[in-house]
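Visitor: Next comes the structure file protein-v1.cif, holding mmCIF, C-alpha atoms and all ligand atoms.
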data_structure
#
loop_
_atom_site.group_PDB
_atom_site.id
_atom_site.type_symbol
_atom_site.label_atom_id
_atom_site.label_comp_id
_atom_site.auth_asym_id
_atom_site.auth_seq_id
_atom_site.Cartn_x
_atom_site.Cartn_y
_atom_site.Cartn_z
ATOM 1 C CA MET L 1 -30.726 20.679 6.844
ATOM 2 C CA THR L 2 -26.951 20.590 6.872
ATOM 3 C CA ILE L 3 -25.266 17.235 6.693
ATOM 4 C CA ARG L 4 -22.792 16.519 9.469
ATOM 5 C CA LYS L 5 -19.427 15.423 8.114
ATOM 6 C CA ASN L 6 -18.897 11.724 8.659
ATOM 7 C CA ALA L 7 -15.592 9.859 8.291
ATOM 8 C CA THR L 8 -16.053 9.214 4.549
ATOM 9 C CA LEU L 9 -16.806 12.864 3.794
ATOM 10 C CA ARG L 10 -13.784 13.959 5.811
ATOM 11 C CA VAL L 11 -11.491 11.564 3.929
ATOM 12 C CA ILE L 12 -12.748 12.823 0.549
ATOM 13 C CA GLU L 13 -12.491 16.430 1.668
ATOM 14 C CA LYS L 14 -8.872 16.243 2.802
ATOM 15 C CA ARG L 15 -7.531 13.963 0.022
ATOM 16 C CA ARG L 16 -4.821 15.495 -2.083
ATOM 17 C CA SER L 17 -2.430 13.997 -4.615
ATOM 18 C CA LEU L 18 0.719 12.796 -2.872
ATOM 19 C CA ARG L 19 4.037 12.810 -4.719
ATOM 20 C CA MET L 20 6.604 12.559 -1.886
ATOM 21 C CA TYR L 21 6.575 9.179 -0.200
ATOM 22 C CA ALA L 22 8.149 7.863 2.982
ATOM 23 C CA PRO L 23 10.207 4.805 2.017
ATOM 24 C CA THR L 24 8.230 2.545 4.427
ATOM 25 C CA PRO L 25 6.535 -0.251 2.512
ATOM 26 C CA LEU L 26 2.790 -0.769 2.878
ATOM 27 C CA ASP L 27 1.755 -3.628 5.200
ATOM 28 C CA PRO L 28 0.258 -6.714 3.551
ATOM 29 C CA ASP L 29 -3.031 -5.911 5.342
ATOM 30 C CA GLU L 30 -3.063 -2.410 3.856
ATOM 31 C CA LYS L 31 -2.450 -3.755 0.333
ATOM 32 C CA GLU L 32 -5.160 -6.322 0.910
ATOM 33 C CA ALA L 33 -7.628 -3.600 1.992
ATOM 34 C CA ILE L 34 -6.801 -1.476 -1.076
ATOM 35 C CA LEU L 35 -7.198 -4.363 -3.529
ATOM 36 C CA HIS L 36 -10.331 -5.638 -1.809
ATOM 37 C CA ALA L 37 -11.921 -2.185 -2.036
ATOM 38 C CA ALA L 38 -11.009 -1.848 -5.719
ATOM 39 C CA MET L 39 -12.658 -5.175 -6.432
ATOM 40 C CA ARG L 40 -15.804 -4.244 -4.487
ATOM 41 C CA ALA L 41 -16.362 -1.210 -6.748
ATOM 42 C CA PRO L 42 -19.389 -1.280 -9.048
ATOM 43 C CA THR L 43 -18.591 -3.105 -12.269
ATOM 44 C CA ALA L 44 -20.493 -3.224 -15.559
ATOM 45 C CA GLY L 45 -22.547 -6.410 -15.801
ATOM 46 C CA ALA L 46 -20.565 -7.733 -12.797
ATOM 47 C CA MET L 47 -17.900 -8.681 -15.385
ATOM 48 C CA MET L 48 -14.928 -6.888 -13.790
ATOM 49 C CA LEU L 49 -13.637 -5.686 -17.156
ATOM 50 C CA TYR L 50 -10.254 -4.759 -15.710
ATOM 51 C CA SER L 51 -7.051 -6.214 -14.364
ATOM 52 C CA ILE L 52 -4.620 -4.791 -11.848
ATOM 53 C CA ILE L 53 -0.872 -5.320 -12.048
ATOM 54 C CA GLU L 54 1.043 -4.811 -8.793
ATOM 55 C CA VAL L 55 4.332 -3.325 -9.961
ATOM 56 C CA GLN L 56 6.865 -4.751 -7.506
ATOM 57 C CA ASP L 57 10.069 -4.885 -9.547
ATOM 58 C CA GLN L 58 12.076 -1.711 -8.867
ATOM 59 C CA LYS L 59 13.453 -1.863 -12.423
ATOM 60 C CA LEU L 60 9.915 -1.554 -13.793
ATOM 61 C CA LYS L 61 9.180 1.411 -11.492
ATOM 62 C CA ASP L 62 12.412 3.087 -12.614
ATOM 63 C CA GLN L 63 11.412 2.563 -16.227
ATOM 64 C CA LEU L 64 7.902 3.939 -15.594
ATOM 65 C CA ALA L 65 9.473 7.066 -14.111
ATOM 66 C CA ASP L 66 11.029 7.608 -17.562
ATOM 67 C CA THR L 67 8.262 6.414 -19.859
ATOM 68 C CA CYS L 68 5.525 8.359 -18.031
ATOM 69 C CA ASP L 69 6.853 11.776 -19.034
ATOM 70 C CA ASN L 70 9.918 11.716 -16.768
ATOM 71 C CA GLN L 71 8.320 11.824 -13.329
ATOM 72 C CA PRO L 72 11.048 10.523 -10.958
ATOM 73 C CA PHE L 73 8.704 10.320 -7.953
ATOM 74 C CA ILE L 74 7.057 7.252 -9.521
ATOM 75 C CA ALA L 75 10.207 5.246 -8.786
ATOM 76 C CA THR L 76 10.035 6.218 -5.094
ATOM 77 C CA SER L 77 6.494 4.968 -4.499
ATOM 78 C CA PRO L 78 6.424 1.862 -2.302
ATOM 79 C CA TYR L 79 3.222 0.550 -3.904
ATOM 80 C CA VAL L 80 2.382 1.013 -7.577
ATOM 81 C CA LEU L 81 -0.715 -0.359 -9.267
ATOM 82 C CA LEU L 82 -1.377 -0.455 -12.990
ATOM 83 C CA PHE L 83 -5.089 -0.572 -13.820
ATOM 84 C CA LEU L 84 -5.905 -2.068 -17.203
ATOM 85 C CA ALA L 85 -9.167 -1.928 -19.084
ATOM 86 C CA ASP L 86 -9.267 -5.615 -19.895
ATOM 87 C CA TYR L 87 -11.373 -7.582 -22.358
ATOM 88 C CA GLN L 88 -8.651 -10.189 -22.908
ATOM 89 C CA ARG L 89 -9.742 -12.343 -19.964
ATOM 90 C CA TRP L 90 -13.330 -12.420 -21.236
ATOM 91 C CA MET L 91 -12.245 -13.097 -24.830
ATOM 92 C CA ASP L 92 -10.191 -16.025 -23.506
ATOM 93 C CA LEU L 93 -13.195 -17.228 -21.481
ATOM 94 C CA TYR L 94 -15.385 -16.957 -24.594
ATOM 95 C CA THR L 95 -12.824 -18.933 -26.614
ATOM 96 C CA HIS L 96 -12.383 -21.666 -24.005
ATOM 97 C CA ALA L 97 -16.144 -21.950 -23.532
ATOM 98 C CA GLY L 98 -16.703 -22.539 -27.272
ATOM 99 C CA CYS L 99 -18.852 -19.395 -27.580
ATOM 100 C CA GLU L 100 -18.163 -18.595 -31.245
ATOM 101 C CA ALA L 101 -18.960 -22.121 -32.435
ATOM 102 C CA ARG L 102 -22.188 -22.179 -30.421
ATOM 103 C CA ALA L 103 -23.179 -18.720 -31.680
ATOM 104 C CA ALA L 104 -22.586 -19.892 -35.267
ATOM 105 C CA GLU L 105 -24.825 -22.942 -34.677
ATOM 106 C CA LEU L 106 -27.505 -20.613 -33.385
ATOM 107 C CA GLY L 107 -27.104 -18.268 -36.379
ATOM 108 C CA ILE L 108 -25.817 -15.425 -34.184
ATOM 109 C CA GLN L 109 -23.167 -13.058 -35.592
ATOM 110 C CA THR L 110 -19.869 -13.182 -33.678
ATOM 111 C CA ARG L 111 -17.735 -10.080 -33.096
ATOM 112 C CA SER L 112 -14.519 -8.788 -31.524
ATOM 113 C CA PRO L 113 -14.316 -6.221 -28.700
ATOM 114 C CA SER L 114 -15.394 -2.852 -30.112
ATOM 115 C CA GLU L 115 -14.824 0.769 -29.085
ATOM 116 C CA GLY L 116 -17.970 0.538 -26.924
ATOM 117 C CA ASP L 117 -16.521 -2.412 -25.027
ATOM 118 C CA LEU L 118 -13.296 -0.481 -24.512
ATOM 119 C CA ILE L 119 -15.086 2.532 -23.046
ATOM 120 C CA LEU L 120 -17.085 0.305 -20.714
ATOM 121 C CA ALA L 121 -13.894 -1.468 -19.600
ATOM 122 C CA LEU L 122 -12.211 1.920 -19.034
ATOM 123 C CA MET L 123 -15.148 2.985 -16.850
ATOM 124 C CA ASP L 124 -14.777 -0.225 -14.860
ATOM 125 C CA ALA L 125 -11.017 0.154 -14.425
ATOM 126 C CA LEU L 126 -11.192 3.802 -13.340
ATOM 127 C CA ILE L 127 -14.047 3.259 -10.897
ATOM 128 C CA ALA L 128 -12.033 0.449 -9.295
ATOM 129 C CA ALA L 129 -8.951 2.703 -9.193
ATOM 130 C CA GLN L 130 -10.750 5.597 -7.517
ATOM 131 C CA THR L 131 -12.279 3.272 -4.940
ATOM 132 C CA ALA L 132 -8.736 2.125 -4.122
ATOM 133 C CA VAL L 133 -7.651 5.775 -3.765
ATOM 134 C CA ILE L 134 -10.370 6.576 -1.234
ATOM 135 C CA VAL L 135 -9.787 3.486 0.858
ATOM 136 C CA ALA L 136 -6.012 4.093 0.858
ATOM 137 C CA GLU L 137 -6.624 7.679 1.988
ATOM 138 C CA SER L 138 -8.843 6.437 4.805
ATOM 139 C CA LEU L 139 -5.868 4.355 6.007
ATOM 140 C CA GLY L 140 -3.505 7.360 5.925
ATOM 141 C CA ILE L 141 -1.962 6.266 2.608
ATOM 142 C CA GLY L 142 -1.743 8.937 -0.061
ATOM 143 C CA SER L 143 -1.790 8.386 -3.803
ATOM 144 C CA CYS L 144 -1.245 9.998 -7.175
ATOM 145 C CA TYR L 145 -2.645 9.089 -10.585
ATOM 146 C CA ILE L 146 -0.256 9.013 -13.507
ATOM 147 C CA GLY L 147 -2.209 9.767 -16.670
ATOM 148 C CA ASP L 148 0.975 9.538 -18.710
ATOM 149 C CA ILE L 149 0.671 5.749 -18.566
ATOM 150 C CA THR L 150 -1.229 6.047 -21.859
ATOM 151 C CA GLU L 151 2.003 7.265 -23.520
ATOM 152 C CA ASN L 152 4.634 4.937 -24.946
ATOM 153 C CA TRP L 153 2.133 2.132 -25.404
ATOM 154 C CA GLU L 154 4.567 -0.062 -27.341
ATOM 155 C CA VAL L 155 7.105 0.105 -24.475
ATOM 156 C CA HIS L 156 4.496 -0.557 -21.755
ATOM 157 C CA LYS L 157 3.075 -3.460 -23.765
ATOM 158 C CA GLU L 158 6.531 -5.038 -23.764
ATOM 159 C CA MET L 159 7.275 -4.212 -20.099
ATOM 160 C CA PHE L 160 4.062 -5.770 -18.753
ATOM 161 C CA ASP L 161 3.440 -8.408 -21.417
ATOM 162 C CA LEU L 162 0.099 -6.851 -22.323
ATOM 163 C CA PRO L 163 -2.097 -8.852 -24.687
ATOM 164 C CA ARG L 164 -4.187 -7.249 -27.427
ATOM 165 C CA TYR L 165 -7.269 -6.421 -25.356
ATOM 166 C CA ALA L 166 -5.538 -5.045 -22.236
ATOM 167 C CA PHE L 167 -5.414 -1.245 -22.355
ATOM 168 C CA PRO L 168 -3.564 0.861 -19.719
ATOM 169 C CA ALA L 169 -6.243 2.958 -17.993
ATOM 170 C CA ALA L 170 -4.386 4.453 -15.032
ATOM 171 C CA LEU L 171 -1.230 4.095 -13.006
ATOM 172 C CA LEU L 172 -1.542 4.750 -9.276
ATOM 173 C CA CYS L 173 1.353 5.460 -6.928
ATOM 174 C CA PHE L 174 0.647 4.916 -3.228
ATOM 175 C CA GLY L 175 2.654 5.708 -0.113
ATOM 176 C CA ARG L 176 2.705 7.430 3.228
ATOM 177 C CA PRO L 177 3.498 11.154 3.234
ATOM 178 C CA ALA L 178 7.251 11.832 3.519
ATOM 179 C CA LYS L 179 6.488 14.974 5.493
ATOM 180 C CA LYS L 180 3.515 16.771 6.973
ATOM 181 C CA GLN L 181 1.224 17.960 4.223
ATOM 182 C CA PRO L 182 0.260 21.652 4.008
ATOM 183 C CA LYS L 183 -3.429 22.235 4.757
ATOM 184 C CA LYS L 184 -4.040 24.094 1.492
ATOM 185 C CA LEU L 185 -5.763 21.999 -1.164
ATOM 186 C CA VAL L 186 -5.720 22.542 -4.930
ATOM 187 C CA PRO L 187 -8.848 24.657 -5.542
ATOM 188 C CA ARG L 188 -11.706 23.558 -7.767
ATOM 189 C CA PHE L 189 -13.530 25.729 -10.293
ATOM 190 C CA ASP L 190 -16.858 27.157 -9.178
ATOM 191 C CA ARG L 191 -19.723 24.691 -9.304
ATOM 192 C CA LYS L 192 -21.647 26.804 -11.833
ATOM 193 C CA PHE L 193 -18.977 25.867 -14.407
ATOM 194 C CA ILE L 194 -19.217 22.164 -13.662
ATOM 195 C CA VAL L 195 -22.779 21.225 -12.683
ATOM 196 C CA TYR L 196 -25.757 22.112 -14.926
ATOM 197 C CA THR L 197 -29.438 21.396 -14.743
ATOM 198 C CA ASP L 198 -31.056 19.202 -17.383
ATOM 199 C CA ARG L 199 -28.892 20.273 -20.321
ATOM 200 C CA TYR L 200 -25.383 21.293 -21.268
ATOM 201 C CA HIS L 201 -24.549 24.954 -20.796
ATOM 202 C CA ARG L 202 -21.967 26.903 -22.833
ATOM 203 C CA PHE L 203 -20.546 30.103 -21.364
ATOM 204 C CA SER L 204 -19.982 33.572 -22.805
ATOM 205 C CA THR L 205 -16.546 35.236 -22.808
ATOM 206 C CA GLU L 206 -17.630 37.367 -19.839
ATOM 207 C CA GLU L 207 -18.760 34.331 -17.875
ATOM 208 C CA LEU L 208 -15.603 32.370 -18.726
ATOM 209 C CA ASN L 209 -13.479 35.253 -17.479
ATOM 210 C CA ASP L 210 -14.561 34.201 -13.958
ATOM 211 C CA HIS L 211 -13.591 30.550 -14.502
ATOM 212 C CA HIS L 212 -10.179 30.912 -12.847
ATOM 213 C CA LEU L 213 -11.258 33.076 -9.878
ATOM 214 C CA PRO L 214 -10.612 30.256 -7.359
ATOM 215 C CA PHE L 215 -6.971 30.485 -8.477
ATOM 216 C CA GLY L 216 -6.911 34.176 -7.618
ATOM 217 C CA MET L 217 -7.179 35.660 -11.112
ATOM 218 C CA HIS L 218 -9.509 36.290 -14.018
ATOM 219 C CA SER L 219 -9.106 33.798 -16.861
ATOM 220 C CA PHE L 220 -8.165 36.371 -19.486
ATOM 221 C CA GLU L 221 -6.399 38.969 -17.381
ATOM 222 C CA GLN L 222 -3.053 40.040 -18.833
ATOM 223 C CA ARG L 223 -0.034 38.350 -17.209
ATOM 224 C CA GLU L 224 3.456 37.589 -18.416
ATOM 225 C CA TYR L 225 4.740 34.027 -18.228
ATOM 226 C CA GLN L 226 8.221 32.777 -19.072
ATOM 227 C CA ASN L 227 6.950 30.539 -21.874
ATOM 228 C CA GLY L 228 5.351 33.489 -23.683
ATOM 229 C CA ALA L 229 1.780 32.928 -22.430
ATOM 230 C CA GLN L 230 -0.099 36.167 -21.768
ATOM 231 C CA ASN L 231 -2.872 34.849 -19.529
ATOM 232 C CA VAL L 232 -3.459 31.783 -17.381
ATOM 233 C CA VAL L 233 -5.526 30.008 -20.035
ATOM 234 C CA GLN L 234 -2.780 30.464 -22.630
ATOM 235 C CA MET L 235 -0.422 29.097 -19.990
ATOM 236 C CA ASN L 236 -2.530 25.951 -19.724
ATOM 237 C CA TYR L 237 -2.735 25.658 -23.539
ATOM 238 C CA LEU L 238 1.034 25.881 -23.957
ATOM 239 C CA ARG L 239 1.984 23.785 -20.911
ATOM 240 C CA LYS L 240 -0.609 21.035 -21.300
ATOM 241 C CA PHE L 241 -2.621 20.998 -24.512
ATOM 242 C CA THR L 242 0.195 21.529 -27.015
ATOM 243 C CA ALA L 243 3.017 20.049 -24.899
ATOM 244 C CA ASP L 244 5.191 17.172 -26.112
ATOM 245 C CA PHE L 245 3.657 14.737 -23.585
ATOM 246 C CA SER L 246 0.222 15.540 -24.961
ATOM 247 C CA LEU L 247 1.316 14.865 -28.533
ATOM 248 C CA GLU L 248 2.915 11.575 -27.457
ATOM 249 C CA MET L 249 -0.293 10.613 -25.627
ATOM 250 C CA THR L 250 -2.271 11.242 -28.808
ATOM 251 C CA ARG L 251 0.107 9.138 -30.904
ATOM 252 C CA SER L 252 0.237 6.310 -28.379
ATOM 253 C CA VAL L 253 -3.534 6.155 -27.766
ATOM 254 C CA ARG L 254 -4.173 6.144 -31.539
ATOM 255 C CA ALA L 255 -1.859 3.151 -31.863
ATOM 256 C CA MET L 256 -3.644 1.378 -28.963
ATOM 257 C CA LEU L 257 -7.067 2.065 -30.476
ATOM 258 C CA LYS L 258 -5.925 0.770 -33.864
ATOM 259 C CA ASN L 259 -4.600 -2.380 -32.209
ATOM 260 C CA TRP L 260 -7.867 -2.854 -30.273
ATOM 261 C CA SER L 261 -10.344 -2.308 -33.054
ATOM 262 C CA GLU L 262 -8.721 -3.495 -36.300
HETATM 263 C C1 LIG L 301 -6.478 11.162 -14.800
HETATM 264 C C2 LIG L 301 -5.437 11.833 -13.945
HETATM 265 C C3 LIG L 301 -4.131 11.880 -14.371
HETATM 266 C C4 LIG L 301 -3.148 12.476 -13.577
HETATM 267 N N1 LIG L 301 -1.837 12.409 -13.970
HETATM 268 C C5 LIG L 301 -0.876 12.933 -13.170
HETATM 269 C C6 LIG L 301 0.489 12.793 -13.511
HETATM 270 O O1 LIG L 301 0.861 12.191 -14.522
HETATM 271 N N2 LIG L 301 1.410 13.331 -12.658
HETATM 272 C C7 LIG L 301 1.053 13.975 -11.508
HETATM 273 O O2 LIG L 301 1.951 14.424 -10.770
HETATM 274 N N3 LIG L 301 -0.247 14.126 -11.156
HETATM 275 C C8 LIG L 301 -1.217 13.597 -11.949
HETATM 276 N N4 LIG L 301 -2.545 13.689 -11.584
HETATM 277 C C9 LIG L 301 -2.916 14.396 -10.331
HETATM 278 C C10 LIG L 301 -3.509 15.770 -10.630
HETATM 279 O O3 LIG L 301 -2.475 16.649 -11.018
HETATM 280 C C11 LIG L 301 -4.231 16.281 -9.392
HETATM 281 O O4 LIG L 301 -5.321 15.428 -9.110
HETATM 282 C C12 LIG L 301 -4.746 17.711 -9.566
HETATM 283 O O5 LIG L 301 -3.672 18.609 -9.660
HETATM 284 C C13 LIG L 301 -5.634 18.135 -8.390
HETATM 285 O O6 LIG L 301 -4.904 18.020 -7.191
HETATM 286 P P1 LIG L 301 -5.411 17.125 -5.971
HETATM 287 O O7 LIG L 301 -5.534 15.694 -6.464
HETATM 288 O O8 LIG L 301 -4.336 17.263 -4.926
HETATM 289 O O9 LIG L 301 -6.718 17.669 -5.531
HETATM 290 C C14 LIG L 301 -3.518 13.099 -12.355
HETATM 291 C C15 LIG L 301 -4.849 13.043 -11.942
HETATM 292 C C16 LIG L 301 -5.796 12.413 -12.705
HETATM 293 C C17 LIG L 301 -7.208 12.328 -12.206
#
Show me the file's structure as structure tokens.
Ligand SMILES: Cc1cc2nc3c(=O)[nH]c(=O)nc-3n(C[C@H](O)[C@H](O)[C@H](O)COP(=O)(O)O)c2cc1C
Guide:
Amino acid sequence: MTIRKNATLRVIEKRRSLRMYAPTPLDPDEKEAILHAAMRAPTAGAMMLYSIIEVQDQKLKDQLADTCDNQPFIATSPYVLLFLADYQRWMDLYTHAGCEARAAELGIQTRSPSEGDLILALMDALIAAQTAVIVAESLGIGSCYIGDITENWEVHKEMFDLPRYAFPAALLCFGRPAKKQPKKLVPRFDRKFIVYTDRYHRFSTEELNDHHLPFGMHSFEQREYQNGAQNVVQMNYLRKFTADFSLEMTRSVRAMLKNWSE
């Protein structure tokens, strides 16, 4: 049986990251629909372990365009949302509710948010973010994630007044397309490299050579790139894995983790 494409499937199928925005602001109803959808996403223990900051101040957007690895299009987005993995609100609830004192009376060990709590809160924040993306897309509003929000943690902490247990999970830029989008989508790797049955599968060199076929080349075929890479995988390694932004992300996330768990 083949499944007929319904509206949801069509929206997911045609979604692409949008980086050129028409200057038109989003309507209040559209923002409402996006935020409502984010908050209807599944959430661990129904705790909503995240917060969302609507970035309205143009000065903050301009700064984000710099601090998130110099991506000027961020400043042109009419609607920017910062998703935080957030345990601060619950820690404040626990404090105000007298939880630690009551636990002590009951002989129960108290604790601070751990790495496990952080991962759970990150799951919550990202699931809410992606739900917002899909609903925006269904309204004709494109979006783009900015992973570089995990860089420059000290600066972002200051900019958004982040307390100890609020951890930037994702930045999302929304807007209407500035011009008609080309039909061509960014390809995905073949499913055999992504979906396995019952257990993890590691691939041989020969198998991995086919990894990049959807991009029109073998993974290890000889090519010359300006940065000295000699195949497309080396290109990725030099442009992404060992790039300055990647090193800054590592430094910044280490500092955030230290702050969270010490
Ligand atoms: C976690 C995450 C971080 C991303 N960070 C950036 C970013 O900083 N800048 C950017 O232009 N695109 C960013 N993207 C968008 C990806 O580049 C994009 O999803 C990918 O190229 C596939 O293209 P598509 O979304 O159009 O299918 C990010 C996407 C994800 C999921």
Visitor: List the neighbours of Pro25 of chain L out to 8 Å using all atoms listed in the file; skip same-chain residues closer than 3 positions along the sequence, and give me the result as a list in words.
Guide: Pro78, Tyr79 and Gly175 of chain L
Visitor: With distances taken over all atoms listed in the file, which residue among L:Asp29, L:Glu137, L:Asp92, L:Glu105 lies nearest ligand LIG 301 (chain L)?
Guide: L:Glu137
Visitor: Just give me the gap between atom CA of Val135 of chain L and atom CA of Ile119 of chain L in Å, one decimal is fine.
Guide: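 Between atom CA of Val135 of chain L and atom CA of Ile119 of chain L the gap is 24.5 Å.
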Visitor: Between atom CA of Leu185 of chain L and atom CA of Thr76 of chain L, what is the spacing in Å?
Guide: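 Computing the Euclidean distance for atom CA of Thr76 of chain L and atom CA of Leu185 of chain L yields 22.7 Å.
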Visitor: Starting from the shown file, work through the PyMOL selection byres (((chain L and resi 120) around 10) and not hetatm) and note down what comes out as a list in words.
Guide: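 Matching residues under the PyMOL selection byres (((chain L and resi 120) around 10) and not hetatm) are Thr43, Ala44, Gly45, Leu49, Tyr50, Ala85, Asp86, Tyr87, Glu115, Gly116, Asp117, Leu118, Ile119, Ala121, Leu122, Met123, Asp124 and Ala125 of chain L.
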Visitor: For Pro177 of chain L, list every protein, DNA or RNA residue within 10 Å, evaluated using only C-alpha atoms, and leave out those in the same chain fewer than 4 positions away; present the list as JSON, numbers by chain.
Guide: {"L": [18, 19, 20, 21, 22, 23, 24, 140, 141, 142, 143, 181]}
Visitor: Give me, as a PyMOL selection string, all polymer residues having an atom no more than 9 Å from His156 of chain L, counting only C-alpha atoms and skipping those fewer than 6 positions away in the same chain.
Guide: chain L and resi 64+67+149-150+162+168
Visitor: Ligand LIG 301 (chain L): which residues are within 12 Å, counting only C-alpha atoms and all ligand atoms, as a PyMOL selection string?
Guide: chain L and resi 12-20+64-74+83+122+125-127+129-130+133-134+137+142-151+168-173+181-189+240+245-246+249
Visitor: To one decimal in Å, tell me the separation between atom CA of His218 of chain L and atom CA of Phe203 of chain L.
Guide: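 These two atoms are separated by 14.6 Å.
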Visitor: So that all listed atoms of segment 114-122 of chain L fit with 6 Å spare on each side, what axis-aligned box centre and edge lengths in Å, to one decimal, would you give as JSON?
Guide:
{"center_x": -15.1, "center_y": -0.2, "center_z": -24.6, "size_x": 17.8, "size_y": 17.4, "size_z": 23.1}
Visitor: Given the choices L:Ala33, L:Met91, L:Ala7, L:Ala38, which gets closest to Arg164 of chain L if the distance is worked out from all atoms listed in the file?
Guide: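 Using all atoms listed in the file, Arg164 of chain L sits closest to L:Met91.
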Visitor: With all atoms listed in the file as the atoms that count, which of L:Met47, L:Arg89, L:Gln230, L:Trp153 lies nearest to Val253 of chain L?
Guide: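 Once distances to Val253 of chain L are computed over all atoms listed in the file, the minimum belongs to L:Trp153.
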Visitor: Near Val55 of chain L, counting all atoms listed in the file, which residues have an atom at most 9 Å away, once you skip same-chain residues fewer than 3 positions from it, shown as a compact mmCIF listing (two decimals) with C-alpha atoms, in the coordinates of the input?
Guide:
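result.txt, freshly written:
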# COMPACT_ATOMS: atom_id res chain seq x y z
CA GLN L 58 12.08 -1.71 -8.87
CA LEU L 60 9.91 -1.55 -13.79
CA LYS L 61 9.18 1.41 -11.49
CA TYR L 79 3.22 0.55 -3.90
CA VAL L 80 2.38 1.01 -7.58
CA LEU L 81 -0.72 -0.36 -9.27
CA LEU L 82 -1.38 -0.46 -12.99
Visitor: Nearest to Val232 of chain L among L:Ser114, L:Asn209, L:Ser204, L:Ser261, with distances taken over only C-alpha atoms: which residue is it?
Guide: L:Asn209
Visitor: Using the partial input, fill out segment 163-176 of chain L with N, CA, C and O atoms; write the result as a PDB file, keeping the file's coordinate frame.
Guide:
ATOM      1  N   PRO L 163      -1.492  -8.285 -23.482  1.00  0.00           N
ATOM      2  CA  PRO L 163      -2.097  -8.852 -24.687  1.00  0.00           C
ATOM      3  C   PRO L 163      -2.934  -7.802 -25.421  1.00  0.00           C
ATOM      4  O   PRO L 163      -3.075  -6.670 -24.953  1.00  0.00           O
ATOM      5  N   ARG L 164      -3.505  -8.199 -26.548  1.00  0.00           N
ATOM      6  CA  ARG L 164      -4.187  -7.249 -27.427  1.00  0.00           C
ATOM      7  C   ARG L 164      -5.287  -6.441 -26.731  1.00  0.00           C
ATOM      8  O   ARG L 164      -5.412  -5.237 -26.935  1.00  0.00           O
ATOM      9  N   TYR L 165      -6.102  -7.111 -25.922  1.00  0.00           N
ATOM     10  CA  TYR L 165      -7.269  -6.421 -25.356  1.00  0.00           C
ATOM     11  C   TYR L 165      -7.058  -5.996 -23.896  1.00  0.00           C
ATOM     12  O   TYR L 165      -7.974  -6.056 -23.071  1.00  0.00           O
ATOM     13  N   ALA L 166      -5.829  -5.616 -23.572  1.00  0.00           N
ATOM     14  CA  ALA L 166      -5.538  -5.045 -22.236  1.00  0.00           C
ATOM     15  C   ALA L 166      -4.957  -3.662 -22.464  1.00  0.00           C
ATOM     16  O   ALA L 166      -3.908  -3.513 -23.075  1.00  0.00           O
ATOM     17  N   PHE L 167      -5.666  -2.641 -21.998  1.00  0.00           N
ATOM     18  CA  PHE L 167      -5.414  -1.245 -22.355  1.00  0.00           C
ATOM     19  C   PHE L 167      -5.085  -0.466 -21.082  1.00  0.00           C
ATOM     20  O   PHE L 167      -5.922  -0.388 -20.159  1.00  0.00           O
ATOM     21  N   PRO L 168      -3.874   0.103 -20.938  1.00  0.00           N
ATOM     22  CA  PRO L 168      -3.564   0.861 -19.719  1.00  0.00           C
ATOM     23  C   PRO L 168      -4.582   1.976 -19.486  1.00  0.00           C
ATOM     24  O   PRO L 168      -4.797   2.825 -20.353  1.00  0.00           O
ATOM     25  N   ALA L 169      -5.220   1.949 -18.312  1.00  0.00           N
ATOM     26  CA  ALA L 169      -6.243   2.958 -17.993  1.00  0.00           C
ATOM     27  C   ALA L 169      -5.702   3.981 -17.021  1.00  0.00           C
ATOM     28  O   ALA L 169      -5.984   5.172 -17.129  1.00  0.00           O
ATOM     29  N   ALA L 170      -4.958   3.523 -16.025  1.00  0.00           N
ATOM     30  CA  ALA L 170      -4.386   4.453 -15.032  1.00  0.00           C
ATOM     31  C   ALA L 170      -3.247   3.764 -14.291  1.00  0.00           C
ATOM     32  O   ALA L 170      -3.278   2.547 -14.081  1.00  0.00           O
ATOM     33  N   LEU L 171      -2.271   4.563 -13.924  1.00  0.00           N
ATOM     34  CA  LEU L 171      -1.230   4.095 -13.006  1.00  0.00           C
ATOM     35  C   LEU L 171      -1.466   4.830 -11.703  1.00  0.00           C
ATOM     36  O   LEU L 171      -1.747   6.037 -11.713  1.00  0.00           O
ATOM     37  N   LEU L 172      -1.368   4.115 -10.585  1.00  0.00           N
ATOM     38  CA  LEU L 172      -1.542   4.750  -9.276  1.00  0.00           C
ATOM     39  C   LEU L 172      -0.321   4.490  -8.412  1.00  0.00           C
ATOM     40  O   LEU L 172       0.094   3.335  -8.256  1.00  0.00           O
ATOM     41  N   CYS L 173       0.252   5.565  -7.878  1.00  0.00           N
ATOM     42  CA  CYS L 173       1.353   5.460  -6.928  1.00  0.00           C
ATOM     43  C   CYS L 173       0.781   5.674  -5.537  1.00  0.00           C
ATOM     44  O   CYS L 173       0.068   6.657  -5.315  1.00  0.00           O
ATOM     45  N   PHE L 174       1.107   4.786  -4.616  1.00  0.00           N
ATOM     46  CA  PHE L 174       0.647   4.916  -3.228  1.00  0.00           C
ATOM     47  C   PHE L 174       1.854   5.073  -2.299  1.00  0.00           C
ATOM     48  O   PHE L 174       2.957   4.619  -2.622  1.00  0.00           O
ATOM     49  N   GLY L 175       1.605   5.642  -1.129  1.00  0.00           N
ATOM     50  CA  GLY L 175       2.654   5.708  -0.113  1.00  0.00           C
ATOM     51  C   GLY L 175       2.216   6.607   1.029  1.00  0.00           C
ATOM     52  O   GLY L 175       1.238   7.351   0.910  1.00  0.00           O
ATOM     53  N   ARG L 176       2.982   6.516   2.113  1.00  0.00           N
ATOM     54  CA  ARG L 176       2.705   7.430   3.228  1.00  0.00           C
ATOM     55  C   ARG L 176       3.415   8.751   2.967  1.00  0.00           C
ATOM     56  O   ARG L 176       4.490   8.759   2.343  1.00  0.00           O
TER      57      ARG L 176
END
